[in-house]
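**Q** Dropping in protein-v4.txt, with compact mmCIF, C-alpha atoms.
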```
# COMPACT_ATOMS: atom_id res chain seq x y z
CA MET A 1 -91.00 -11.84 -32.02
CA SER A 2 -89.52 -15.30 -32.18
CA SER A 3 -91.64 -18.28 -31.27
CA LYS A 4 -88.60 -19.99 -29.75
CA SER A 5 -88.92 -20.68 -26.01
CA TYR A 6 -85.73 -21.26 -24.08
CA ALA A 7 -87.70 -22.74 -21.18
CA THR A 8 -89.10 -25.33 -23.63
CA ILE A 9 -85.75 -25.87 -25.33
CA THR A 10 -83.95 -26.60 -22.05
CA SER A 11 -86.82 -28.77 -20.77
CA ASP A 12 -86.90 -30.81 -23.97
CA LEU A 13 -83.12 -31.19 -24.02
CA THR A 14 -83.14 -32.30 -20.37
CA LYS A 15 -85.42 -35.19 -21.38
CA GLY A 16 -83.03 -36.12 -24.18
CA ILE A 17 -80.05 -35.91 -21.84
CA SER A 18 -81.81 -38.20 -19.36
CA ALA A 19 -82.39 -40.75 -22.12
CA LEU A 20 -78.74 -40.53 -23.15
CA ARG A 21 -77.66 -41.09 -19.52
CA LYS A 22 -79.54 -44.42 -19.60
CA GLU A 23 -78.24 -45.47 -23.02
CA ILE A 24 -74.60 -44.38 -22.75
CA PRO A 25 -73.96 -43.87 -19.02
CA GLU A 26 -70.16 -44.02 -19.19
CA THR A 27 -70.00 -41.35 -21.86
CA LEU A 28 -72.33 -39.05 -19.96
CA ALA A 29 -70.48 -39.70 -16.69
CA GLY A 30 -67.27 -38.66 -18.45
CA PHE A 31 -68.92 -35.53 -19.83
CA SER A 32 -70.31 -34.67 -16.38
CA ALA A 33 -66.88 -35.14 -14.80
CA MET A 34 -65.34 -32.88 -17.45
CA HIS A 35 -68.07 -30.29 -16.84
CA ASN A 36 -67.54 -30.37 -13.07
CA GLY A 37 -63.79 -30.03 -13.42
CA ALA A 38 -63.95 -27.24 -15.99
CA MET A 39 -66.63 -25.21 -14.22
CA LYS A 40 -65.26 -25.50 -10.67
CA ALA A 41 -64.19 -22.13 -9.26
CA GLY A 42 -60.46 -21.55 -9.32
CA ALA A 43 -58.58 -18.55 -10.68
CA LEU A 44 -61.88 -17.77 -12.44
CA SER A 45 -65.16 -17.77 -10.52
CA GLU A 46 -68.08 -20.01 -11.48
CA ILE A 47 -69.83 -16.93 -12.85
CA ASP A 48 -66.79 -16.00 -14.97
CA LYS A 49 -66.69 -19.51 -16.40
CA GLU A 50 -70.43 -19.52 -17.12
CA LEU A 51 -70.10 -16.15 -18.89
CA ILE A 52 -67.35 -17.64 -21.07
CA ALA A 53 -69.53 -20.68 -21.77
CA LEU A 54 -72.44 -18.40 -22.68
CA ALA A 55 -70.23 -16.48 -25.11
CA ILE A 56 -69.08 -19.72 -26.75
CA GLY A 57 -72.69 -20.92 -26.96
CA ILE A 58 -73.65 -17.65 -28.68
CA SER A 59 -70.72 -17.84 -31.10
CA SER A 60 -71.68 -21.46 -31.87
CA HIS A 61 -75.37 -20.49 -32.33
CA CYS A 62 -76.34 -23.22 -29.84
CA ASP A 63 -79.79 -22.59 -28.37
CA GLY A 64 -79.35 -25.29 -25.73
CA CYS A 65 -76.02 -23.85 -24.60
CA ILE A 66 -77.50 -20.36 -24.41
CA GLY A 67 -80.44 -21.60 -22.36
CA PHE A 68 -78.53 -23.83 -19.96
CA HIS A 69 -75.72 -21.33 -19.33
CA LEU A 70 -78.16 -18.47 -18.78
CA LYS A 71 -80.08 -20.63 -16.31
CA ALA A 72 -76.80 -21.37 -14.50
CA LEU A 73 -75.89 -17.67 -14.47
CA ILE A 74 -79.29 -16.77 -13.04
CA ARG A 75 -78.93 -19.51 -10.40
CA LEU A 76 -75.44 -18.26 -9.48
CA GLY A 77 -76.69 -14.67 -9.14
CA ALA A 78 -74.90 -13.13 -12.11
CA SER A 79 -75.95 -9.54 -12.58
CA ARG A 80 -77.80 -8.26 -15.59
CA GLU A 81 -74.80 -6.00 -16.22
CA GLN A 82 -72.40 -8.98 -16.35
CA ILE A 83 -74.63 -10.73 -18.86
CA MET A 84 -75.11 -7.58 -20.96
CA GLU A 85 -71.34 -6.92 -21.10
CA THR A 86 -70.81 -10.51 -22.22
CA LEU A 87 -73.41 -10.02 -24.96
CA GLY A 88 -71.57 -6.84 -25.97
CA VAL A 89 -68.30 -8.76 -26.39
CA CYS A 90 -70.19 -11.36 -28.46
CA VAL A 91 -71.51 -8.63 -30.76
CA TYR A 92 -68.01 -7.15 -31.10
CA MET A 93 -66.34 -10.49 -31.82
CA GLY A 94 -69.14 -11.98 -33.92
CA GLY A 95 -70.12 -9.06 -36.13
CA GLY A 96 -73.61 -9.16 -37.62
CA PRO A 97 -74.28 -12.86 -36.93
CA GLY A 98 -73.03 -12.43 -33.35
CA PHE A 99 -75.33 -9.42 -33.00
CA MET A 100 -78.36 -11.47 -34.07
CA VAL A 101 -77.60 -14.36 -31.70
CA ALA A 102 -76.79 -11.96 -28.85
CA ALA A 103 -80.20 -10.34 -29.40
CA ASP A 104 -81.79 -13.79 -29.19
CA ALA A 105 -79.80 -14.52 -26.01
CA MET A 106 -81.13 -11.25 -24.57
CA ARG A 107 -84.65 -12.47 -25.25
CA ALA A 108 -83.75 -15.82 -23.65
CA TYR A 109 -82.46 -14.04 -20.54
CA GLU A 110 -85.68 -12.04 -20.24
CA GLU A 111 -87.76 -15.21 -20.59
CA LEU A 112 -85.73 -17.25 -18.11
CA ILE A 113 -85.32 -14.53 -15.46
CA ALA A 114 -89.09 -13.99 -15.51
CA LEU A 115 -89.55 -17.66 -14.54
CA LYS A 116 -87.48 -17.08 -11.39
CA LYS A 117 -89.62 -14.22 -10.11
CA PRO A 118 -92.35 -15.16 -7.62
```
Here is the file; what I need is its structure written in the form of structure tokens.

**A**
Amino acid sequence: MSSKSYATITSDLTKGISALRKEIPETLAGFSAMHNGAMKAGALSEIDKELIALAIGISSHCDGCIGFHLKALIRLGASREQIMETLGVCVYMGGGPGFMVAADAMRAYEELIALKKP
């Protein structure tokens, strides 16, 4: 079992992001505006967009992206089935490396969904 904790990864990155907001506020404001515009529901729902973002995070092997987008998907009420089908597409499109990162994302989902339960 991996010693990587997605709860810790996202918490640590949140601290770094807060520091960046203080140091380069205009840059982070621009990034936030781009995020809000890109992730706003339109022809695709917020969940659809977060599933796409998760898939890109997996294909980029970005632990922070995996953690933050899974947290958003959990918050938005994405079903386990939606997440699993997204992981399946990642395995298909990413071959062996995609399979390994999708397996890690599965572990991240299990860790993060457990934090939501009372």

**Q** In terms of the shortest atom-to-atom distance over all atoms listed in the file, which of A:Met84, A:Leu20, A:Ala29, A:Ala78 is closest to Lys49 in chain A?

**A**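 Ranking A:Met84, A:Leu20, A:Ala29, A:Ala78 by distance to Lys49 in chain A, first place goes to A:Ala78.
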
**Q** Excluding Glu46 in chain A and residues on its chain fewer than 2 positions from it, collect all residues at most 12 Å away from it, counting only C-alpha atoms, and give them as a list of chain:residue names.

**A**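 Residues meeting the cut-off are A:His35, A:Asn36, A:Gly37, A:Ala38, A:Met39, A:Lys40, A:Ala41, A:Gly42, A:Ala43, A:Leu44, A:Asp48, A:Lys49, A:Glu50, A:Leu51, A:Ile52, A:Ala53, A:His69, A:Ala72, A:Leu73, A:Ile74, A:Arg75, A:Leu76, A:Gly77, A:Ala78.
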
**Q** Using Å and a single decimal, report how far CA of Lys4 in chain A sits from CA of Glu81 in chain A.

**A**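 Interatomic distance, CA of Glu81 in chain A to CA of Lys4 in chain A: 23.9 Å.
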
**Q** Pick out the residues sitting within 8 Å of Leu87 in chain A, and hand them over as a list in words; count all atoms listed in the file, and ignore anything fewer than 6 positions along from it in its own chain.

**A**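 Within the cut-off, the hits are Ala55, Ala102, Ala105 and Met106 of chain A.
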
**Q** If you measure from CA of Gly64 in chain A to CA of Ala108 in chain A, what distance in Å do you get, rounded to one decimal?

**A**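 Those two atoms sit 10.6 Å apart.
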
**Q** A:Ser45, A:Thr14, A:Ala33, A:Leu70: which is nearest Lys116 in chain A, counting all atoms listed in the file?

**A** A:Leu70

**Q** Record the distance separating CA of Gly96 in chain A and CA of His61 in chain A, expressed in Å with one decimal.

**A**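 These atoms are spaced 12.6 Å apart.
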
**Q** Given only C-alpha atoms as the basis, pick out the residue of A:Thr27, A:Ile17, A:Lys71, A:Ser60 nearest to Val101 in chain A.

**A** A:Ser60

**Q** Identify which of the residues A:Ala19, A:Ala7, A:Ile58, A:Ile24 lies closest to Gly98 in chain A, counting only C-alpha atoms when measuring atom-to-atom distances.

**A**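 Among the listed residues, A:Ile58 lies closest to Gly98 in chain A.
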
**Q** Of the candidates A:Leu54, A:Cys65, A:Glu23, A:Arg107, which one gets nearest to Glu85 in chain A if we count all atoms listed in the file?

**A**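 Among A:Leu54, A:Cys65, A:Glu23, A:Arg107, it is A:Leu54 that comes nearest to Glu85 in chain A.
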
**Q** Adding 6 Å on each side of the box along x, y and z that holds all listed atoms of range 18-26 of chain A, could you give its centre and edge lengths in Å to one decimal, as JSON?

**A**
```
{"center_x": -76.3, "center_y": -41.8, "center_z": -21.1, "size_x": 24.2, "size_y": 19.3, "size_z": 16.1}
```

**Q** Point out the residue among A:Ala114, A:Thr8, A:Ser59, A:Ile83 with the least atom-to-atom distance to Gly95 in chain A, counting only C-alpha atoms.

**A**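 The answer is A:Ser59, which sits nearest to Gly95 in chain A.
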